[in-house]
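K.L.:
My structure is in final-v8.txt, and what it holds is compact mmCIF, C-alpha atoms and all ligand atoms:
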```txt
# COMPACT_ATOMS: atom_id res chain seq x y z
CA MET A 1 21.54 10.18 1.45
CA LYS A 2 18.78 11.42 3.71
CA LEU A 3 17.66 9.02 6.43
CA HIS A 4 13.88 8.66 6.61
CA GLY A 5 11.66 7.47 9.47
CA SER A 6 13.29 4.83 11.62
CA MET A 7 16.51 4.64 9.56
CA GLU A 8 19.67 4.81 11.64
CA ILE A 9 23.32 3.99 11.22
CA ARG A 10 24.93 1.48 13.57
CA GLU A 11 28.65 0.93 13.08
CA ASN A 12 28.57 2.10 9.51
CA GLU A 13 25.57 -0.08 8.59
CA LEU A 14 22.07 1.11 7.77
CA TYR A 15 19.23 -0.20 9.92
CA ILE A 16 15.53 0.23 9.17
CA GLY A 17 12.93 -0.54 11.81
CA GLY A 18 15.73 -1.89 13.96
CA VAL A 19 16.79 -4.47 11.35
CA GLY A 20 20.13 -4.42 9.55
CA CYS A 21 19.85 -4.10 5.78
CA ARG A 22 22.41 -6.84 5.22
CA GLN A 23 20.30 -9.27 7.23
CA ILE A 24 17.23 -8.46 5.10
CA ALA A 25 19.20 -8.86 1.89
CA SER A 26 20.64 -12.21 2.92
CA GLU A 27 17.35 -13.63 4.23
CA TYR A 28 15.09 -12.41 1.44
CA LYS A 29 17.62 -12.12 -1.42
CA THR A 30 17.68 -9.07 -3.66
CA PRO A 31 16.09 -7.05 -5.05
CA VAL A 32 13.72 -6.63 -2.13
CA TYR A 33 11.43 -3.79 -1.12
CA VAL A 34 11.63 -2.87 2.55
CA PHE A 35 8.84 -0.87 4.23
CA ASP A 36 9.25 1.03 7.45
CA GLU A 37 5.89 0.25 9.01
CA GLN A 38 6.18 2.81 11.78
CA LEU A 39 6.68 5.59 9.24
CA ILE A 40 3.53 4.60 7.34
CA ILE A 41 1.61 4.58 10.62
CA ASP A 42 3.06 7.95 11.67
CA ASN A 43 2.12 9.49 8.33
CA CYS A 44 -1.46 8.24 8.61
CA ARG A 45 -1.74 9.57 12.15
CA GLU A 46 -0.35 12.97 11.18
CA TYR A 47 -2.84 13.22 8.35
CA ARG A 48 -5.79 12.22 10.50
CA LYS A 49 -4.77 14.51 13.33
CA TYR A 50 -4.09 17.68 11.36
CA PHE A 51 -6.86 17.13 8.84
CA LYS A 52 -9.19 16.95 11.84
CA ALA A 53 -10.57 13.51 11.05
CA GLU A 54 -11.88 12.88 14.57
CA GLU A 55 -12.65 16.47 15.39
CA ASN A 56 -14.54 17.58 12.28
CA GLY A 57 -15.42 14.27 10.63
CA ASN A 58 -13.11 14.93 7.69
CA ARG A 59 -11.72 11.88 5.94
CA VAL A 60 -8.27 10.86 4.77
CA ALA A 61 -8.37 8.29 1.98
CA TYR A 62 -5.14 6.52 1.11
CA ALA A 63 -4.78 6.35 -2.68
CA GLY A 64 -4.15 2.64 -3.08
CA LYS A 65 -2.61 2.86 -6.53
CA ALA A 66 0.65 3.98 -4.85
CA PHE A 67 1.11 0.55 -3.19
CA LEU A 68 -1.70 -1.88 -2.41
CA PRO A 69 -0.92 -5.37 -1.19
CA SER A 70 -3.47 -6.66 1.31
CA TYR A 71 -0.95 -5.80 4.03
CA MET A 72 -1.64 -2.11 3.24
CA CYS A 73 -5.41 -2.64 3.25
CA ARG A 74 -5.18 -4.14 6.73
CA LEU A 75 -2.87 -1.41 7.98
CA MET A 76 -5.15 1.32 6.57
CA LYS A 77 -8.12 -0.30 8.26
CA GLU A 78 -6.28 -0.34 11.60
CA GLU A 79 -5.33 3.31 11.15
CA LYS A 80 -8.96 4.25 10.37
CA MET A 81 -8.05 5.52 6.95
CA CYS A 82 -10.42 5.44 4.00
CA LEU A 83 -9.24 3.95 0.73
CA ASP A 84 -9.26 5.06 -2.91
CA VAL A 85 -9.43 2.35 -5.52
CA VAL A 86 -9.30 2.87 -9.28
CA SER A 87 -9.94 -0.58 -10.72
CA GLY A 88 -11.65 -3.91 -10.17
CA GLY A 89 -8.30 -5.38 -9.13
CA GLU A 90 -7.73 -2.82 -6.39
CA LEU A 91 -11.34 -3.14 -5.27
CA TYR A 92 -11.05 -6.92 -5.14
CA THR A 93 -7.83 -6.70 -3.09
CA ALA A 94 -9.51 -4.37 -0.59
CA TYR A 95 -12.60 -6.59 -0.40
CA LYS A 96 -10.62 -9.80 0.10
CA SER A 97 -8.50 -8.09 2.76
CA GLY A 98 -11.56 -7.28 4.84
CA PHE A 99 -11.34 -3.54 4.28
CA PRO A 100 -14.69 -1.91 5.21
CA MET A 101 -16.39 -1.24 1.90
CA GLU A 102 -18.29 1.80 3.16
CA ASN A 103 -14.92 3.56 3.49
CA VAL A 104 -13.96 2.97 -0.13
CA PHE A 105 -14.03 5.64 -2.83
CA PHE A 106 -14.21 4.15 -6.31
CA HIS A 107 -12.41 6.31 -8.90
CA GLY A 108 -11.54 5.86 -12.55
CA ASN A 109 -12.34 7.50 -15.87
CA ASN A 110 -13.47 4.32 -17.58
CA LYS A 111 -14.92 1.87 -15.12
CA THR A 112 -16.17 -1.15 -17.00
CA ARG A 113 -19.66 -2.58 -16.52
CA GLU A 114 -18.11 -5.46 -14.62
CA GLU A 115 -16.30 -3.05 -12.30
CA VAL A 116 -19.41 -0.95 -11.68
CA GLU A 117 -21.40 -4.11 -10.90
CA MET A 118 -18.68 -5.22 -8.50
CA GLY A 119 -18.65 -1.85 -6.74
CA VAL A 120 -22.43 -1.88 -6.32
CA ALA A 121 -22.48 -5.50 -5.15
CA TYR A 122 -19.69 -4.94 -2.61
CA GLY A 123 -21.38 -1.78 -1.35
CA VAL A 124 -18.56 0.75 -1.82
CA GLY A 125 -19.15 3.98 0.08
CA LYS A 126 -18.86 6.41 -2.81
CA PHE A 127 -18.59 6.14 -6.55
CA VAL A 128 -16.64 9.09 -7.88
CA VAL A 129 -18.49 9.39 -11.17
CA ASP A 130 -16.33 10.66 -13.99
CA ASN A 131 -18.61 10.87 -17.04
CA PHE A 132 -22.10 10.45 -18.51
CA TYR A 133 -21.45 6.90 -19.66
CA GLU A 134 -20.69 5.82 -16.10
CA LEU A 135 -23.59 7.80 -14.65
CA ASP A 136 -26.11 6.08 -16.95
CA MET A 137 -24.62 2.66 -16.30
CA LEU A 138 -24.58 3.16 -12.54
CA GLU A 139 -28.25 4.25 -12.48
CA GLU A 140 -29.24 1.24 -14.55
CA ILE A 141 -27.31 -1.25 -12.41
CA CYS A 142 -28.60 0.24 -9.14
CA GLU A 143 -32.16 0.10 -10.49
CA ARG A 144 -31.71 -3.57 -11.33
CA GLU A 145 -30.15 -4.34 -7.94
CA ASN A 146 -32.68 -2.17 -6.11
CA LYS A 147 -30.00 -0.08 -4.44
CA VAL A 148 -29.30 3.60 -3.93
CA GLN A 149 -25.68 4.66 -4.43
CA GLU A 150 -24.07 7.79 -3.03
CA ILE A 151 -21.84 9.49 -5.56
CA TYR A 152 -19.45 12.39 -6.02
CA PHE A 153 -18.91 14.04 -9.36
CA ARG A 154 -15.32 14.33 -10.46
CA ILE A 155 -14.86 17.76 -11.89
CA THR A 156 -12.12 19.41 -13.91
CA PRO A 157 -11.61 22.59 -11.90
CA GLY A 158 -9.34 24.37 -14.37
CA ILE A 159 -6.28 24.09 -12.16
CA GLU A 160 -3.50 21.86 -13.24
CA ALA A 161 -0.36 21.45 -11.19
CA HIS A 162 2.77 19.49 -11.87
CA THR A 163 5.70 19.56 -9.51
CA HIS A 164 7.00 23.09 -9.75
CA GLU A 165 4.42 24.94 -11.77
CA TYR A 166 0.74 25.20 -12.04
CA ILE A 167 -1.67 26.79 -14.42
CA LYS A 168 -5.10 28.20 -13.94
CA THR A 169 -6.99 28.08 -17.16
CA GLY A 170 -10.35 27.11 -18.40
CA GLN A 171 -8.49 23.91 -19.18
CA ILE A 172 -10.90 21.29 -20.49
CA ASP A 173 -8.34 19.11 -22.22
CA SER A 174 -8.34 16.32 -19.66
CA LYS A 175 -9.52 12.75 -19.82
CA PHE A 176 -10.77 13.10 -16.25
CA GLY A 177 -14.03 14.45 -14.99
CA PHE A 178 -16.84 16.81 -15.90
CA ALA A 179 -15.51 20.18 -17.02
CA LEU A 180 -16.93 23.36 -15.59
CA VAL A 181 -16.18 25.67 -18.52
CA ASN A 182 -18.09 23.74 -21.17
CA GLY A 183 -21.07 23.20 -18.88
CA ASP A 184 -20.72 19.43 -18.57
CA TYR A 185 -20.92 19.59 -14.80
CA TYR A 186 -24.24 21.45 -15.02
CA ASN A 187 -25.54 19.08 -17.69
CA ALA A 188 -24.68 16.16 -15.42
CA ILE A 189 -26.64 17.78 -12.58
CA GLU A 190 -29.63 18.29 -14.91
CA LYS A 191 -29.44 14.63 -15.81
CA LEU A 192 -29.84 13.66 -12.16
CA LYS A 193 -33.47 14.85 -12.28
CA GLU A 194 -34.30 11.81 -14.39
CA TYR A 195 -32.54 9.46 -11.99
CA ASP A 196 -33.48 8.23 -8.56
CA ARG A 197 -30.86 5.58 -7.81
CA VAL A 198 -27.80 7.79 -7.70
CA LYS A 199 -27.57 10.37 -4.99
CA LEU A 200 -25.10 13.21 -5.44
CA VAL A 201 -23.53 14.15 -2.10
CA GLY A 202 -20.18 15.64 -3.06
CA ILE A 203 -17.69 16.85 -5.60
CA HIS A 204 -14.15 15.73 -6.19
CA ALA A 205 -11.08 17.03 -8.00
CA HIS A 206 -7.47 15.90 -8.20
CA ILE A 207 -5.11 18.47 -9.64
CA GLY A 208 -1.84 16.59 -10.13
CA SER A 209 0.91 14.77 -8.30
CA GLN A 210 4.24 15.50 -6.54
CA ILE A 211 3.15 19.13 -5.97
CA PHE A 212 5.19 21.24 -3.51
CA ASP A 213 3.40 24.53 -3.84
CA ILE A 214 0.35 25.01 -1.63
CA ASP A 215 -1.23 27.73 -3.78
CA PRO A 216 -2.85 25.48 -6.38
CA PHE A 217 -4.56 23.55 -3.56
CA LEU A 218 -5.84 26.78 -2.04
CA ASP A 219 -7.20 27.88 -5.41
CA GLU A 220 -8.81 24.49 -5.71
CA VAL A 221 -10.51 24.99 -2.33
CA ASP A 222 -11.97 28.28 -3.59
CA VAL A 223 -13.25 26.79 -6.84
CA MET A 224 -14.84 23.88 -4.99
CA MET A 225 -16.49 25.94 -2.24
CA ASN A 226 -17.96 28.32 -4.80
CA LEU A 227 -19.29 25.35 -6.70
CA VAL A 228 -20.98 24.03 -3.55
CA LYS A 229 -22.69 27.39 -3.20
CA GLU A 230 -23.70 27.59 -6.84
CA THR A 231 -25.03 24.03 -6.86
CA LYS A 232 -27.26 24.79 -3.91
CA GLU A 233 -28.51 28.10 -5.24
CA LYS A 234 -29.16 26.98 -8.79
CA TYR A 235 -30.29 23.40 -8.27
CA GLY A 236 -31.22 23.13 -4.61
CA ILE A 237 -28.71 20.30 -4.16
CA GLU A 238 -26.85 20.31 -0.85
CA LEU A 239 -23.32 18.99 -1.34
CA THR A 240 -22.13 17.85 2.07
CA ASP A 241 -18.70 16.54 0.97
CA VAL A 242 -15.79 18.12 -0.88
CA ASP A 243 -12.94 15.84 -1.90
CA LEU A 244 -9.75 17.68 -2.80
CA GLY A 245 -7.78 14.71 -4.15
CA GLY A 246 -4.11 13.94 -3.48
CA GLY A 247 -0.84 15.05 -4.96
CA ILE A 248 1.23 16.30 -2.04
CA GLY A 249 4.91 16.22 -2.97
CA VAL A 250 7.60 14.24 -1.15
CA TYR A 251 11.38 14.21 -0.80
CA TYR A 252 13.26 12.07 -3.30
CA THR A 253 16.49 14.10 -3.52
CA ASP A 254 17.78 17.30 -1.95
CA GLU A 255 16.19 19.29 -4.77
CA ASP A 256 12.77 18.47 -3.32
CA LYS A 257 11.44 20.72 -0.58
CA PRO A 258 8.14 19.22 0.54
CA LYS A 259 5.74 20.79 3.00
CA ALA A 260 5.15 18.98 6.29
CA ILE A 261 1.84 17.09 6.45
CA LYS A 262 0.82 19.33 9.36
CA ASP A 263 1.43 22.58 7.46
CA PHE A 264 -0.33 21.28 4.39
CA CYS A 265 -3.44 20.16 6.30
CA GLU A 266 -3.63 23.31 8.39
CA ALA A 267 -3.39 25.55 5.33
CA ILE A 268 -6.20 23.66 3.58
CA ILE A 269 -8.51 23.74 6.57
CA GLU A 270 -7.85 27.38 7.31
CA ARG A 271 -8.54 28.39 3.71
CA THR A 272 -11.72 26.31 3.61
CA GLU A 273 -13.08 27.97 6.73
CA LYS A 274 -12.16 31.42 5.49
CA THR A 275 -13.68 30.99 2.04
CA CYS A 276 -16.86 29.39 3.38
CA SER A 277 -17.42 32.22 5.79
CA GLU A 278 -16.77 34.82 3.06
CA ILE A 279 -19.26 33.31 0.64
CA GLY A 280 -21.72 32.40 3.37
CA ILE A 281 -21.97 28.60 3.26
CA ASP A 282 -21.60 25.90 5.91
CA VAL A 283 -18.18 24.25 5.96
CA PRO A 284 -18.57 20.90 4.18
CA LYS A 285 -16.89 17.65 5.23
CA LEU A 286 -13.52 17.47 3.55
CA VAL A 287 -11.73 14.49 2.04
CA ILE A 288 -8.09 14.29 0.96
CA GLU A 289 -6.46 11.42 -0.84
CA PRO A 290 -2.73 11.19 -0.27
CA GLY A 291 -0.94 8.25 -1.89
CA ARG A 292 2.70 9.10 -2.41
CA SER A 293 3.08 11.08 0.81
CA VAL A 294 1.86 8.13 2.89
CA VAL A 295 4.24 5.49 1.55
CA ALA A 296 7.03 6.93 -0.66
CA ASN A 297 9.60 7.65 2.07
CA ALA A 298 8.64 4.52 3.98
CA GLY A 299 9.82 2.22 1.17
CA SER A 300 13.35 1.43 0.03
CA THR A 301 14.81 -1.12 -2.36
CA LEU A 302 17.87 -3.27 -1.72
CA TYR A 303 19.90 -4.50 -4.67
CA THR A 304 23.11 -6.47 -5.09
CA ILE A 305 25.78 -4.87 -7.23
CA GLY A 306 27.09 -6.99 -10.08
CA SER A 307 29.10 -5.63 -12.96
CA ILE A 308 31.09 -2.42 -12.52
CA LYS A 309 32.15 -1.03 -15.88
CA GLU A 310 34.51 1.91 -16.05
CA ILE A 311 34.59 3.68 -19.39
CA LYS A 312 37.61 5.89 -19.00
CA ASP A 313 36.91 9.64 -19.09
CA VAL A 314 33.25 8.92 -19.74
CA ARG A 315 31.40 7.18 -16.94
CA VAL A 316 31.36 4.30 -14.48
CA TYR A 317 28.35 2.01 -14.85
CA VAL A 318 27.43 0.16 -11.69
CA SER A 319 24.79 -2.46 -12.49
CA VAL A 320 22.29 -3.87 -10.03
CA ASP A 321 20.11 -6.99 -10.08
CA GLY A 322 16.87 -5.03 -10.70
CA GLY A 323 16.02 -1.79 -12.48
CA MET A 324 13.10 -0.49 -14.53
CA THR A 325 11.10 -3.62 -13.76
CA ASP A 326 10.94 -2.74 -10.05
CA ASN A 327 11.25 1.05 -10.43
CA ILE A 328 9.97 2.49 -13.70
CA ARG A 329 9.95 6.11 -12.50
CA PRO A 330 13.48 7.08 -13.57
CA SER A 331 12.90 5.77 -17.13
CA LEU A 332 9.35 7.10 -17.29
CA TYR A 333 9.78 10.60 -15.84
CA HIS A 334 13.51 11.03 -15.23
CA ALA A 335 12.70 10.84 -11.54
CA GLY A 336 15.67 11.29 -9.20
CA TYR A 337 16.65 9.05 -6.28
CA GLU A 338 19.32 8.77 -3.61
CA CYS A 339 21.38 5.70 -2.80
CA SER A 340 24.08 4.30 -0.54
CA ILE A 341 25.99 1.14 0.11
CA VAL A 342 24.29 -0.26 3.20
CA ASN A 343 27.44 -1.22 5.11
CA LYS A 344 29.57 1.78 4.13
CA MET A 345 27.27 4.51 5.34
CA ASN A 346 29.94 6.80 6.72
CA SER A 347 32.46 6.50 3.93
CA ASN A 348 31.09 8.53 1.06
CA THR A 349 33.53 9.80 -1.54
CA ASP A 350 33.25 12.22 -4.42
CA ASN A 351 33.37 9.35 -6.91
CA LYS A 352 30.42 9.71 -9.26
CA VAL A 353 28.87 6.66 -10.82
CA THR A 354 25.74 5.76 -12.74
CA ILE A 355 23.50 3.06 -11.29
CA ALA A 356 22.12 0.93 -14.11
CA GLY A 357 19.46 -1.76 -14.15
CA LYS A 358 19.72 -5.17 -15.79
CA CYS A 359 17.06 -4.77 -18.49
CA CYS A 360 17.82 -4.74 -22.19
CA GLU A 361 17.11 -1.02 -22.60
CA SER A 362 19.70 1.76 -22.58
CA GLY A 363 17.10 3.83 -20.75
CA ASP A 364 17.18 1.44 -17.82
CA ILE A 365 19.20 3.74 -15.59
CA LEU A 366 18.15 4.15 -11.96
CA ILE A 367 20.39 7.07 -10.96
CA SER A 368 22.83 9.10 -13.09
CA ASN A 369 26.01 10.65 -11.71
CA VAL A 370 25.62 9.97 -8.05
CA ALA A 371 28.40 10.15 -5.47
CA VAL A 372 28.86 6.93 -3.51
CA SER A 373 31.44 5.21 -1.33
CA GLU A 374 33.99 2.81 -2.79
CA ILE A 375 31.92 0.13 -4.48
CA GLU A 376 32.67 -3.52 -5.05
CA SER A 377 30.67 -6.20 -6.79
CA GLY A 378 28.60 -8.04 -4.18
CA ASP A 379 27.86 -4.90 -2.15
CA THR A 380 24.25 -4.20 -1.17
CA LEU A 381 22.92 -0.92 -2.53
CA ILE A 382 19.85 0.83 -1.20
CA THR A 383 17.70 3.32 -3.09
CA THR A 384 15.37 5.22 -0.77
CA SER A 385 11.86 6.61 -1.25
CA THR A 386 10.76 3.82 -3.57
CA GLY A 387 7.61 3.06 -1.56
CA ALA A 388 5.10 4.75 -3.87
CA TYR A 389 4.59 3.77 -7.51
CA GLY A 390 7.44 1.25 -7.25
CA TYR A 391 5.99 -2.18 -6.60
CA SER A 392 2.60 -1.04 -7.92
CA MET A 393 4.13 -0.11 -11.28
CA SER A 394 6.51 -3.07 -11.45
CA SER A 395 6.51 -5.35 -14.46
CA ASN A 396 7.86 -8.66 -15.70
CA TYR A 397 9.75 -7.17 -18.63
CA ASN A 398 12.58 -9.46 -19.72
CA LYS A 399 10.72 -12.06 -17.67
CA ILE A 400 12.31 -10.75 -14.53
CA PRO A 401 10.39 -11.97 -11.46
CA LYS A 402 8.95 -9.33 -9.13
CA PRO A 403 10.95 -8.87 -5.91
CA ALA A 404 9.75 -9.82 -2.46
CA VAL A 405 8.28 -7.13 -0.18
CA VAL A 406 8.89 -7.03 3.56
CA ALA A 407 7.87 -4.70 6.35
CA VAL A 408 10.16 -3.96 9.30
CA LYS A 409 9.32 -2.64 12.74
CA ASP A 410 10.81 -2.92 16.24
CA GLY A 411 13.58 -5.24 15.09
CA LYS A 412 11.20 -7.66 13.36
CA ILE A 413 10.71 -8.52 9.69
CA THR A 414 7.20 -9.28 8.41
CA PRO A 415 7.00 -10.79 4.92
CA VAL A 416 4.39 -8.94 2.81
CA CYS A 417 4.73 -10.44 -0.67
CA ARG A 418 6.89 -13.36 -1.68
CA ARG A 419 9.29 -13.10 -4.58
CA GLN A 420 7.90 -14.39 -7.88
CA THR A 421 9.36 -17.63 -9.11
CA PHE A 422 10.12 -18.58 -12.71
CA ASP A 423 7.11 -20.91 -12.54
CA ASP A 424 4.93 -17.93 -11.53
CA LEU A 425 6.08 -16.25 -14.70
CA MET A 426 4.74 -19.15 -16.76
CA GLU A 427 1.54 -19.59 -14.80
CA LEU A 428 -0.71 -17.74 -17.25
CA GLU A 429 0.48 -19.67 -20.25
CA LEU A 430 -1.94 -22.22 -21.68
C1 LIG B 501 -3.26 9.35 -8.00
C2 LIG B 501 -4.40 9.90 -7.27
C3 LIG B 501 -4.28 10.29 -5.94
C4 LIG B 501 -2.97 10.21 -5.18
O1 LIG B 501 -1.98 11.03 -5.69
P1 LIG B 501 -0.58 11.14 -4.91
O2 LIG B 501 0.21 12.05 -5.77
O3 LIG B 501 0.00 9.77 -4.84
O4 LIG B 501 -0.87 11.70 -3.57
C5 LIG B 501 -5.40 10.75 -5.28
N1 LIG B 501 -6.60 10.84 -5.91
C6 LIG B 501 -6.76 10.48 -7.20
C7 LIG B 501 -8.08 10.59 -7.82
C8 LIG B 501 -5.67 10.00 -7.93
O5 LIG B 501 -5.83 9.66 -9.20
```
Any chance you could put this one into structure tokens?
Ligand SMILES: *Cc1c(COP(=O)(O)O)cnc(C)c1O
P.N.:
Amino acid sequence: MKLHGSMEIRENELYIGGVGCRQIASEYKTPVYVFDEQLIIDNCREYRKYFKAEENGNRVAYAGKAFLPSYMCRLMKEEKMCLDVVSGGELYTAYKSGFPMENVFFHGNNKTREEVEMGVAYGVGKFVVDNFYELDMLEEICERENKVQEIYFRITPGIEAHTHEYIKTGQIDSKFGFALVNGDYYNAIEKLKEYDRVKLVGIHAHIGSQIFDIDPFLDEVDVMMNLVKETKEKYGIELTDVDLGGGIGVYYTDEDKPKAIKDFCEAIIERTEKTCSEIGIDVPKLVIEPGRSVVANAGSTLYTIGSIKEIKDVRVYVSVDGGMTDNIRPSLYHAGYECSIVNKMNSNTDNKVTIAGKCCESGDILISNVAVSEIESGDTLITTSTGAYGYSMSSNYNKIPKPAVVAVKDGKITPVCRRQTFDDLMELEL
């Protein structure tokens, strides 16, 4: 198991942020999510440094959907990050946490009227407008509220990347954004002539997630810069901002070979400068929106092992006290993870087992065929890199309460979210 951030082994036991995993498990019970605060901070600082946030006025917006308790909103504010939200709920969390609204980008392919009204009332920095329905609604609401709203258009650039492959097509089969190939982007620009409450200042695209290859991002840069040029020449509209979205891949298992944040940022900036000079335009302000690569490796989950079931010549099932309710990714995308027993860190064997969750679904398997140390019921198991799309995608299936969340740093534990109680589970019932 790879050790991330502040993880270290002291006398065979795993410590994160200077705190022993067994102490966390006994104080907060299991399952529990543990976040290495220093690693989140370091990731933000790397992004801001190498994306030239101070130097060039570029912006790094954390994509909140990866993990957004108010703790994260406060931390992102301290680290001078911007924030992406995609729903009224995320917007409300940011607002209530005191996150500066001018640094919020409001995304989503079907914002409701209520959500658009909220965004306008709170004064979010940019609406990333996805479609004509939203554009009309936003103009109408801003007119009524006597406000002018800066917007980006989300476009479908014809580049689609998933993990190991990417395709460049005229691809218009996407629920997101204004397509270029069918002219919707240009129609949307035409439409702006009738409107005076929405002010187009940038374009945005997001080409996928968990992408390791830099090439699709570089192609995206080219498409976007050419569009800036075309938009100015054809329509006289100066787009000052280009938002390249998120999607940078991270390490889950040793099959994943992610690029360092530094290399990624430098490649993007270099390509932008090169392309802009070739086509003869000023370099716009850039935005990137990493979610996973800010928090994934910083989060881990601790479980207690219960039943161990050996089916001779077939498989050993090791069951934990959580599963698809706190980590849906293995069931949803066959995502891989690494694990260890927290107090047997130096005693790995070749014994292969399958780590199963406790839900009533055969698909509730966290990790298949993984080598671990000798395991006994009652041991504490850790799965690493569960920080992104773990808690934020968690559910109450089987009426299993959501785990607690804690942050650790410099030997101290900070509670972030308390564990749900059974009464919490019944709270909505009338
Ligand atoms: C999901 C999403 C992101 C973040 O993607 P990651 O893969 O977590 O980096 C950024 N921007 C938009 C618009 C998104 O939908």
K.L.:
Would you mind listing the residues within 10 Å of ligand LIG 501 (chain B), counting only C-alpha atoms and all ligand atoms, as a PyMOL selection string?
P.N.:
chain A and resi 61-67+83-86+105-109+128+154+162+176+204-211+243-250+288-296+388-389
K.L.:
Quick one, how far is atom CA of Ser26 of chain A from atom CA of Ser340 of chain A?
P.N.:
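Atom-to-atom, atom CA of Ser26 of chain A and atom CA of Ser340 of chain A are spaced 17.2 Å apart.
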K.L.:
Find the residue from A:Val181, A:Ile151, A:Ile311, A:Met7 that sits nearest to Thr240 of chain A; use only C-alpha atoms when measuring.
P.N.:
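Nearest candidate to Thr240 of chain A out of A:Val181, A:Ile151, A:Ile311, A:Met7: A:Ile151.
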K.L.:
Measure the distance from atom CA of Asp423 of chain A to atom CA of Tyr33 of chain A in Å and round it to one decimal.
P.N.:
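Atom CA of Tyr33 of chain A lies at a distance of 21.0 Å from atom CA of Asp423 of chain A.
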K.L.:
One decimal, Å: what's the distance from atom CA of Glu273 of chain A over to atom CA of Leu200 of chain A, could you say?
P.N.:
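Taking atom CA of Glu273 of chain A and atom CA of Leu200 of chain A, their separation equals 22.6 Å.
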K.L.:
Go ahead and find all residues with at least one atom no further than 12 Å from (-3.4, -2.0, 10.6) in the file's coordinates, using all atoms listed in the file; report them as a PyMOL selection string.
P.N.:
chain A and resi 37-38+40-42+44-45+70-81+97-99
K.L.:
Can you tell me which residues surround Ile203 of chain A at a distance of at most 6 Å, considering only C-alpha atoms, apart from same-chain residues fewer than 4 positions away, and format the answer as a list in words?
P.N.:
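That gives Tyr152, Phe153, Arg154 and Val242 of chain A.
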K.L.:
Measuring atom to atom with all atoms listed in the file, identify which of A:Lys312, A:Lys344, A:Lys29, A:Lys96 is nearest to Glu374 of chain A.
P.N.:
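Result for the nearest residue to Glu374 of chain A: A:Lys344.
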K.L.:
Ile375 of chain A: which residues within 9 Å, counting only C-alpha atoms, same-chain residues fewer than 5 positions away excluded, as a PDB file with C-alpha atoms, in the frame of the given file?
P.N.:
```
ATOM      1  CA  ILE A 305      25.780  -4.870  -7.230  1.00  0.00           C
ATOM      2  CA  ILE A 308      31.090  -2.420 -12.520  1.00  0.00           C
ATOM      3  CA  VAL A 318      27.430   0.160 -11.690  1.00  0.00           C
ATOM      4  CA  ILE A 341      25.990   1.140   0.110  1.00  0.00           C
TER       5      ILE A 341
END
```
K.L.:
Can you tell me which residues surround Tyr95 of chain A at a distance of at most 10 Å, considering all atoms listed in the file, apart from same-chain residues fewer than 6 positions away, and format the answer as a ChimeraX atom specification?
P.N.:
/A:70,73,89,101,104,119,122,124
